[in-house]
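**Q** Compact mmCIF, C-alpha atoms, file entry_16.txt:
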# COMPACT_ATOMS: atom_id res chain seq x y z
CA MET Y 1 0.00 0.00 0.00
CA THR Y 2 1.39 3.39 -1.00
CA ILE Y 3 0.83 6.28 1.35
CA THR Y 4 0.40 9.79 0.00
CA GLU Y 5 2.04 12.44 2.16
CA VAL Y 6 0.32 15.81 2.20
CA LEU Y 7 1.62 19.06 3.63
CA LEU Y 8 -1.25 21.50 4.05
CA ILE Y 9 -0.14 25.10 4.48
CA GLY Y 10 -2.95 27.37 5.64
CA GLY Y 11 -3.25 30.85 7.05
CA ARG Y 12 -4.82 34.23 6.68
CA SER Y 13 -4.39 36.35 3.55
CA GLY Y 14 -1.03 38.08 3.63
CA VAL Y 15 0.69 35.50 5.83
CA GLY Y 16 2.85 34.13 3.01
CA LYS Y 17 1.32 30.72 2.21
CA SER Y 18 2.11 30.75 -1.50
CA THR Y 19 5.59 32.17 -1.01
CA VAL Y 20 6.41 29.60 1.68
CA GLY Y 21 4.92 26.79 -0.43
CA TYR Y 22 7.15 27.73 -3.37
CA GLU Y 23 10.19 27.92 -1.10
CA VAL Y 24 9.47 24.52 0.47
CA SER Y 25 9.22 23.20 -3.10
CA ALA Y 26 12.58 24.80 -3.97
CA ARG Y 27 14.20 23.17 -0.92
CA LEU Y 28 12.80 19.78 -1.91
CA ARG Y 29 13.95 20.17 -5.53
CA ALA Y 30 17.44 21.08 -4.31
CA ALA Y 31 17.48 17.86 -2.25
CA ASP Y 32 16.02 15.88 -5.19
CA ILE Y 33 12.93 14.97 -3.15
CA GLY Y 34 9.94 14.26 -5.40
CA HIS Y 35 6.78 16.28 -4.78
CA ALA Y 36 4.02 18.34 -6.33
CA LEU Y 37 2.80 21.81 -5.38
CA ILE Y 38 -0.80 22.89 -5.81
CA GLU Y 39 -1.98 26.41 -5.07
CA GLY Y 40 -5.49 25.74 -3.81
CA ASP Y 41 -6.82 29.21 -4.55
CA VAL Y 42 -6.83 28.50 -8.29
CA LEU Y 43 -8.99 25.39 -7.97
CA ASP Y 44 -12.22 27.27 -7.31
CA HIS Y 45 -11.71 30.61 -9.02
CA LEU Y 46 -14.99 30.57 -10.93
CA HIS Y 47 -17.83 33.08 -11.07
CA PRO Y 48 -20.65 32.54 -10.55
CA ALA Y 49 -20.40 29.58 -8.20
CA PRO Y 50 -21.70 26.33 -9.67
CA PRO Y 51 -25.38 25.61 -8.96
CA GLY Y 52 -25.69 23.73 -5.66
CA ASP Y 53 -22.08 24.51 -4.68
CA PRO Y 54 -22.16 28.10 -3.32
CA HIS Y 55 -18.84 27.78 -1.48
CA ARG Y 56 -17.22 25.94 -4.41
CA THR Y 57 -16.23 23.01 -2.17
CA LEU Y 58 -17.28 20.36 -4.68
CA LEU Y 59 -15.52 22.26 -7.46
CA THR Y 60 -12.32 22.39 -5.41
CA GLU Y 61 -12.55 18.68 -4.60
CA HIS Y 62 -13.19 17.71 -8.21
CA ASN Y 63 -10.33 19.83 -9.57
CA LEU Y 64 -7.92 18.65 -6.86
CA ALA Y 65 -8.80 15.01 -7.58
CA ALA Y 66 -8.27 15.52 -11.32
CA ILE Y 67 -4.88 17.20 -10.94
CA TRP Y 68 -3.71 14.75 -8.27
CA ALA Y 69 -4.72 11.76 -10.41
CA THR Y 70 -2.28 12.95 -13.06
CA TYR Y 71 0.54 13.52 -10.56
CA ALA Y 72 -0.09 10.17 -8.84
CA ALA Y 73 -0.09 8.35 -12.18
CA LEU Y 74 3.40 9.77 -12.71
CA GLY Y 75 4.51 8.32 -9.38
CA CYS Y 76 4.23 11.39 -7.17
CA ARG Y 77 3.54 10.61 -3.50
CA ARG Y 78 4.12 13.98 -1.81
CA LEU Y 79 1.93 17.05 -2.13
CA ILE Y 80 2.36 20.58 -0.86
CA TYR Y 81 -1.06 22.25 -0.87
CA THR Y 82 -1.52 25.92 0.00
CA ASN Y 83 -4.89 27.46 0.75
CA THR Y 84 -6.29 29.70 3.47
CA ALA Y 85 -8.74 27.14 4.85
CA ALA Y 86 -6.71 23.96 4.21
CA VAL Y 87 -6.04 23.35 7.92
CA LEU Y 88 -9.64 23.65 9.08
CA ALA Y 89 -11.03 20.51 10.69
CA SER Y 90 -14.06 20.76 8.38
CA GLU Y 91 -11.81 20.37 5.31
CA SER Y 92 -10.31 16.99 6.31
CA GLY Y 93 -12.80 14.90 4.35
CA LEU Y 94 -12.15 16.84 1.16
CA PHE Y 95 -8.53 15.67 1.05
CA ALA Y 96 -9.38 12.03 1.76
CA ARG Y 97 -11.97 12.03 -1.02
CA ALA Y 98 -9.81 13.89 -3.55
CA LEU Y 99 -6.46 12.22 -2.86
CA GLY Y 100 -7.41 8.78 -1.57
CA ALA Y 101 -7.75 7.18 1.83
CA ASP Y 102 -4.12 6.30 2.52
CA LEU Y 103 -2.89 9.72 3.60
CA ARG Y 104 -0.34 11.05 6.02
CA VAL Y 105 -1.44 14.65 6.52
CA VAL Y 106 0.64 17.37 8.16
CA ARG Y 107 -1.12 20.66 8.79
CA VAL Y 108 0.79 23.92 9.23
CA LEU Y 109 -0.97 27.16 10.10
CA LEU Y 110 1.16 30.16 9.25
CA THR Y 111 0.40 33.07 11.58
CA ALA Y 112 1.04 36.80 11.39
CA SER Y 113 -0.08 39.84 13.32
CA ASP Y 114 -2.75 42.12 11.89
CA ALA Y 115 -0.08 44.76 11.19
CA THR Y 116 2.17 42.32 9.33
CA ALA Y 117 -0.69 40.91 7.24
CA ARG Y 118 -1.96 44.42 6.46
CA ASP Y 119 1.53 45.53 5.33
CA ARG Y 120 2.00 42.46 3.13
CA LEU Y 121 -1.46 42.87 1.59
CA ALA Y 122 -0.72 46.54 0.84
CA GLY Y 123 2.14 45.35 -1.36
CA ARG Y 124 0.12 42.62 -3.03
CA GLU Y 125 -3.49 43.77 -3.30
CA LEU Y 126 -3.21 46.79 -5.56
CA GLY Y 127 -6.68 46.59 -7.06
CA SER Y 128 -10.25 47.20 -6.02
CA GLU Y 129 -10.41 44.41 -3.42
CA HIS Y 130 -7.69 45.62 -1.02
CA ALA Y 131 -10.03 46.69 1.80
CA GLN Y 132 -12.09 43.51 1.45
CA GLN Y 133 -8.95 41.35 1.62
CA VAL Y 134 -7.76 43.11 4.79
CA ARG Y 135 -11.15 42.52 6.47
CA ARG Y 136 -11.35 38.91 5.32
CA SER Y 137 -7.79 38.27 6.48
CA ALA Y 138 -8.59 39.42 10.03
CA PHE Y 139 -11.79 37.33 10.06
CA MET Y 140 -10.00 34.21 8.81
CA ALA Y 141 -7.16 34.61 11.31
CA ARG Y 142 -9.69 34.28 14.15
CA ARG Y 143 -11.56 31.42 12.45
CA LEU Y 144 -8.39 29.48 11.70
CA GLU Y 145 -7.14 29.84 15.27
CA GLU Y 146 -10.46 28.55 16.63
CA GLN Y 147 -11.22 25.83 14.08
CA ALA Y 148 -7.89 24.41 12.90
CA ALA Y 149 -7.81 20.61 13.00
CA ALA Y 150 -6.25 18.94 16.03
CA GLY Y 151 -2.51 18.55 15.64
CA THR Y 152 -2.09 21.60 13.42
CA VAL Y 153 1.36 23.11 13.93
CA ARG Y 154 1.49 26.89 14.12
CA VAL Y 155 4.45 28.70 12.57
CA ALA Y 156 4.85 32.43 13.19
CA THR Y 157 5.95 34.53 10.21
CA ASP Y 158 6.31 37.99 11.75
CA GLY Y 159 9.80 39.38 11.28
CA ARG Y 160 11.11 36.22 9.62
CA GLY Y 161 12.43 35.55 6.14
CA VAL Y 162 10.83 33.07 3.77
CA MET Y 163 13.83 30.71 3.75
CA GLU Y 164 13.76 30.42 7.53
CA ILE Y 165 10.01 29.82 7.60
CA ALA Y 166 10.19 27.25 4.77
CA ALA Y 167 12.98 25.37 6.57
CA GLU Y 168 10.77 25.10 9.66
CA VAL Y 169 7.72 24.03 7.63
CA ALA Y 170 9.71 21.37 5.72
CA GLY Y 171 11.04 20.14 9.05
CA VAL Y 172 7.52 19.85 10.47
CA ALA Y 173 6.60 17.69 7.47
CA GLY Y 174 9.71 15.57 8.01
CA TRP Y 175 10.65 15.93 4.36
CA ALA Y 176 13.93 17.78 4.80
CA GLU Y 177 15.88 14.56 5.28
CA ARG Y 178 13.81 11.94 3.44
CA ARG Y 179 13.73 11.10 -0.24
Can the structure in the file be given as structure tokens, please?
**A**
Amino acid sequence: MTITEVLLIGGRSGVGKSTVGYEVSARLRAADIGHALIEGDVLDHLHPAPPGDPHRTLLTEHNLAAIWATYAALGCRRLIYTNTAAVLASESGLFARALGADLRVVRVLLTASDATARDRLAGRELGSEHAQQVRRSAFMARRLEEQAAAGTVRVATDGRGVMEIAAEVAGVAGWAERR
């Protein structure tokens, strides 16, 4: 039986999920450790929401399953998945259904202060949704802290560089040394 290892990186908007995910991937490539990286935000970017799926959960699950099926067919057994809500307890079933039942899941919640997230979003959100993203980020920070799945490891990002954070996240997954 082959086990799929999944590193879920969640956190509020502006915490650095995508940047850390790409850096963990770079570390793994440098060590010649096979893996895939999926940016979860692109799996449900559809307007309007599909009928009967207002939160796009089924759309996300379907798209994740389709992409993962291709990666798995090519022999991939490790996945880095970044998405704000990935570490929520309520999301656990989605990964089992989309990726298969034989999973080893590691959840990392990246954290940042309101000031840090606001500063990072000011550099990233240059369009019409800046204020909305700042509000949603604060809301999700509280929700993630309260509803993250048991065993979720919290990694602070305030005042730290991406390489340092990625090294800690890869270490939490146990992938830094394994091939």
**Q** Quote the spacing between CA of Gly159 (chain Y) and CA of Arg27 (chain Y) in Å to one decimal place.
**A** 20.8 Å
**Q** At what distance in Å, to one decimal, does CA of Val106 (chain Y) lie from CA of Lys17 (chain Y)?
**A**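 CA of Lys17 (chain Y) sits 14.6 Å away from CA of Val106 (chain Y).
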**Q** Taking into account all atoms listed in the file, which residue in the set Y:Ser13, Y:Gly171, Y:Ala138, Y:Leu99 is nearest to Ala73 (chain Y)?
**A**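 Result for the nearest residue to Ala73 (chain Y): Y:Leu99.
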**Q** Give me, as a PyMOL selection string, all polymer residues having an atom no more than 12 Å from Thr84 (chain Y), counting only C-alpha atoms and skipping those fewer than 3 positions away in the same chain.
**A** chain Y and resi 8-18+39-42+81+87-88+91+107-111+136-141+143-145+148
**Q** Quote the spacing between CA of Arg135 (chain Y) and CA of Asp158 (chain Y) in Å to one decimal place.
**A**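 Straight-line distance from CA of Arg135 (chain Y) to CA of Asp158 (chain Y) works out to 18.8 Å.
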**Q** Looking at all atoms listed in the file, which of Y:Leu7, Y:Ala30, Y:Leu64, Y:Ala49 is the one that sits closest to Leu79 (chain Y)?
**A** Y:Leu7
**Q** If you count all atoms listed in the file, which residues fall within 10 Å of Thr4 (chain Y), apart from same-chain ones fewer than 6 positions away, as a list in words?
**A**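 Everything that qualifies: Ala72, Cys76, Arg77, Arg78, Leu79, Leu99, Gly100, Ala101, Asp102, Leu103, Arg104 and Val105 of chain Y.
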**Q** Under the rule that all atoms listed in the file are counted, which of Y:Arg97, Y:Ala170, Y:Thr152, Y:Gly127 is the nearest residue to Gly21 (chain Y)?
**A** Y:Ala170
**Q** Pick out the closest residue to Ala149 (chain Y) from this set: Y:Val20, Y:Ile38, Y:Ala85, Y:Ile3. Count all atoms listed in the file.
**A**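 Residue with the minimum atom-to-atom distance to Ala149 (chain Y): Y:Ala85.
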**Q** What are the centre and edge lengths in Å, to one decimal, of the axis-aligned box around all listed atoms of region 78-84 of chain Y with 4 Å added on each side, as AutoDock Vina command-line options?
**A**
--center_x -1.1 --center_y 21.8 --center_z 0.7 --size_x 18.4 --size_y 23.7 --size_z 13.6
**Q** Of the candidates Y:Ser92, Y:Thr116, Y:Thr82, Y:Thr2, which one gets nearest to Thr19 (chain Y) if we count only C-alpha atoms?
**A**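 Smallest distance to Thr19 (chain Y) is found for Y:Thr82.
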**Q** For the point (15.1, 31.1, 3.7) in the file's frame, write as a list in words all residues with an atom no more than 12 Å away, counting all atoms listed in the file.
**A**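 Those within range, by chain then number, are Thr19, Val20, Gly21, Tyr22, Glu23, Val24, Ser25, Ala26, Arg27, Thr157, Arg160, Gly161, Val162, Met163, Glu164, Ile165, Ala166, Ala167, Glu168, Val169 and Ala170 of chain Y.
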**Q** Between Y:Ala31, Y:Glu61, Y:Ser90, Y:Ala36, which residue has the minimum interatomic distance to Ala150 (chain Y), considering all atoms listed in the file?
**A**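 Between Y:Ala31, Y:Glu61, Y:Ser90, Y:Ala36, the residue approaching Ala150 (chain Y) most closely is Y:Ser90.
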**Q** Please output region 84-113 of chain Y, rebuilt to include N, CA and C atoms, as a PDB file, in the frame of the given file.
**A**
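Output saved as result18.pdb:
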ATOM      1  N   THR Y  84      -5.919  29.095   2.196  1.00  0.00           N
ATOM      2  CA  THR Y  84      -6.290  29.700   3.470  1.00  0.00           C
ATOM      3  C   THR Y  84      -6.905  28.693   4.418  1.00  0.00           C
ATOM      4  N   ALA Y  85      -7.930  27.991   3.975  1.00  0.00           N
ATOM      5  CA  ALA Y  85      -8.740  27.140   4.850  1.00  0.00           C
ATOM      6  C   ALA Y  85      -8.267  25.694   4.920  1.00  0.00           C
ATOM      7  N   ALA Y  86      -7.146  25.361   4.313  1.00  0.00           N
ATOM      8  CA  ALA Y  86      -6.710  23.960   4.210  1.00  0.00           C
ATOM      9  C   ALA Y  86      -6.584  23.263   5.550  1.00  0.00           C
ATOM     10  N   VAL Y  87      -6.277  23.988   6.618  1.00  0.00           N
ATOM     11  CA  VAL Y  87      -6.040  23.350   7.920  1.00  0.00           C
ATOM     12  C   VAL Y  87      -7.286  23.246   8.775  1.00  0.00           C
ATOM     13  N   LEU Y  88      -8.406  23.736   8.296  1.00  0.00           N
ATOM     14  CA  LEU Y  88      -9.640  23.650   9.080  1.00  0.00           C
ATOM     15  C   LEU Y  88     -10.076  22.193   9.241  1.00  0.00           C
ATOM     16  N   ALA Y  89     -10.554  21.868  10.419  1.00  0.00           N
ATOM     17  CA  ALA Y  89     -11.030  20.510  10.690  1.00  0.00           C
ATOM     18  C   ALA Y  89     -12.112  20.107   9.693  1.00  0.00           C
ATOM     19  N   SER Y  90     -12.952  21.047   9.297  1.00  0.00           N
ATOM     20  CA  SER Y  90     -14.060  20.760   8.380  1.00  0.00           C
ATOM     21  C   SER Y  90     -13.581  20.385   6.976  1.00  0.00           C
ATOM     22  N   GLU Y  91     -12.333  20.659   6.640  1.00  0.00           N
ATOM     23  CA  GLU Y  91     -11.810  20.370   5.310  1.00  0.00           C
ATOM     24  C   GLU Y  91     -11.193  18.977   5.201  1.00  0.00           C
ATOM     25  N   SER Y  92     -11.022  18.266   6.302  1.00  0.00           N
ATOM     26  CA  SER Y  92     -10.310  16.990   6.310  1.00  0.00           C
ATOM     27  C   SER Y  92     -10.871  15.982   5.315  1.00  0.00           C
ATOM     28  N   GLY Y  93     -12.179  15.870   5.247  1.00  0.00           N
ATOM     29  CA  GLY Y  93     -12.800  14.900   4.350  1.00  0.00           C
ATOM     30  C   GLY Y  93     -12.535  15.191   2.888  1.00  0.00           C
ATOM     31  N   LEU Y  94     -12.417  16.454   2.545  1.00  0.00           N
ATOM     32  CA  LEU Y  94     -12.150  16.840   1.160  1.00  0.00           C
ATOM     33  C   LEU Y  94     -10.866  16.194   0.669  1.00  0.00           C
ATOM     34  N   PHE Y  95      -9.822  16.212   1.479  1.00  0.00           N
ATOM     35  CA  PHE Y  95      -8.530  15.670   1.050  1.00  0.00           C
ATOM     36  C   PHE Y  95      -8.576  14.148   0.934  1.00  0.00           C
ATOM     37  N   ALA Y  96      -9.248  13.484   1.848  1.00  0.00           N
ATOM     38  CA  ALA Y  96      -9.380  12.030   1.760  1.00  0.00           C
ATOM     39  C   ALA Y  96     -10.131  11.627   0.501  1.00  0.00           C
ATOM     40  N   ARG Y  97     -11.190  12.353   0.187  1.00  0.00           N
ATOM     41  CA  ARG Y  97     -11.970  12.030  -1.020  1.00  0.00           C
ATOM     42  C   ARG Y  97     -11.187  12.347  -2.292  1.00  0.00           C
ATOM     43  N   ALA Y  98     -10.492  13.465  -2.326  1.00  0.00           N
ATOM     44  CA  ALA Y  98      -9.810  13.890  -3.550  1.00  0.00           C
ATOM     45  C   ALA Y  98      -8.500  13.149  -3.794  1.00  0.00           C
ATOM     46  N   LEU Y  99      -7.797  12.797  -2.711  1.00  0.00           N
ATOM     47  CA  LEU Y  99      -6.460  12.220  -2.860  1.00  0.00           C
ATOM     48  C   LEU Y  99      -6.388  10.734  -2.574  1.00  0.00           C
ATOM     49  N   GLY Y 100      -7.410  10.189  -1.929  1.00  0.00           N
ATOM     50  CA  GLY Y 100      -7.410   8.780  -1.570  1.00  0.00           C
ATOM     51  C   GLY Y 100      -7.342   8.620  -0.057  1.00  0.00           C
ATOM     52  N   ALA Y 101      -7.624   7.423   0.396  1.00  0.00           N
ATOM     53  CA  ALA Y 101      -7.750   7.180   1.830  1.00  0.00           C
ATOM     54  C   ALA Y 101      -6.430   7.008   2.551  1.00  0.00           C
ATOM     55  N   ASP Y 102      -5.398   6.589   1.869  1.00  0.00           N
ATOM     56  CA  ASP Y 102      -4.120   6.300   2.520  1.00  0.00           C
ATOM     57  C   ASP Y 102      -3.250   7.549   2.557  1.00  0.00           C
ATOM     58  N   LEU Y 103      -3.570   8.432   3.498  1.00  0.00           N
ATOM     59  CA  LEU Y 103      -2.890   9.720   3.600  1.00  0.00           C
ATOM     60  C   LEU Y 103      -2.152   9.868   4.910  1.00  0.00           C
ATOM     61  N   ARG Y 104      -1.016  10.514   4.846  1.00  0.00           N
ATOM     62  CA  ARG Y 104      -0.340  11.050   6.020  1.00  0.00           C
ATOM     63  C   ARG Y 104      -0.402  12.557   5.836  1.00  0.00           C
ATOM     64  N   VAL Y 105      -1.189  13.222   6.676  1.00  0.00           N
ATOM     65  CA  VAL Y 105      -1.440  14.650   6.520  1.00  0.00           C
ATOM     66  C   VAL Y 105      -0.742  15.425   7.627  1.00  0.00           C
ATOM     67  N   VAL Y 106       0.016  16.438   7.225  1.00  0.00           N
ATOM     68  CA  VAL Y 106       0.640  17.370   8.160  1.00  0.00           C
ATOM     69  C   VAL Y 106       0.042  18.734   7.879  1.00  0.00           C
ATOM     70  N   ARG Y 107      -0.483  19.352   8.936  1.00  0.00           N
ATOM     71  CA  ARG Y 107      -1.120  20.660   8.790  1.00  0.00           C
ATOM     72  C   ARG Y 107      -0.254  21.727   9.460  1.00  0.00           C
ATOM     73  N   VAL Y 108       0.033  22.785   8.706  1.00  0.00           N
ATOM     74  CA  VAL Y 108       0.790  23.920   9.230  1.00  0.00           C
ATOM     75  C   VAL Y 108      -0.038  25.172   9.039  1.00  0.00           C
ATOM     76  N   LEU Y 109      -0.264  25.879  10.130  1.00  0.00           N
ATOM     77  CA  LEU Y 109      -0.970  27.160  10.100  1.00  0.00           C
ATOM     78  C   LEU Y 109       0.053  28.265  10.249  1.00  0.00           C
ATOM     79  N   LEU Y 110       0.272  29.002   9.176  1.00  0.00           N
ATOM     80  CA  LEU Y 110       1.160  30.160   9.250  1.00  0.00           C
ATOM     81  C   LEU Y 110       0.395  31.294   9.928  1.00  0.00           C
ATOM     82  N   THR Y 111       1.046  31.984  10.849  1.00  0.00           N
ATOM     83  CA  THR Y 111       0.400  33.070  11.580  1.00  0.00           C
ATOM     84  C   THR Y 111       1.174  34.368  11.372  1.00  0.00           C
ATOM     85  N   ALA Y 112       0.444  35.470  11.470  1.00  0.00           N
ATOM     86  CA  ALA Y 112       1.040  36.800  11.390  1.00  0.00           C
ATOM     87  C   ALA Y 112       0.128  37.766  12.128  1.00  0.00           C
ATOM     88  N   SER Y 113       0.708  38.805  12.654  1.00  0.00           N
ATOM     89  CA  SER Y 113      -0.080  39.840  13.320  1.00  0.00           C
ATOM     90  C   SER Y 113      -0.918  40.594  12.294  1.00  0.00           C
TER      91      SER Y 113
END
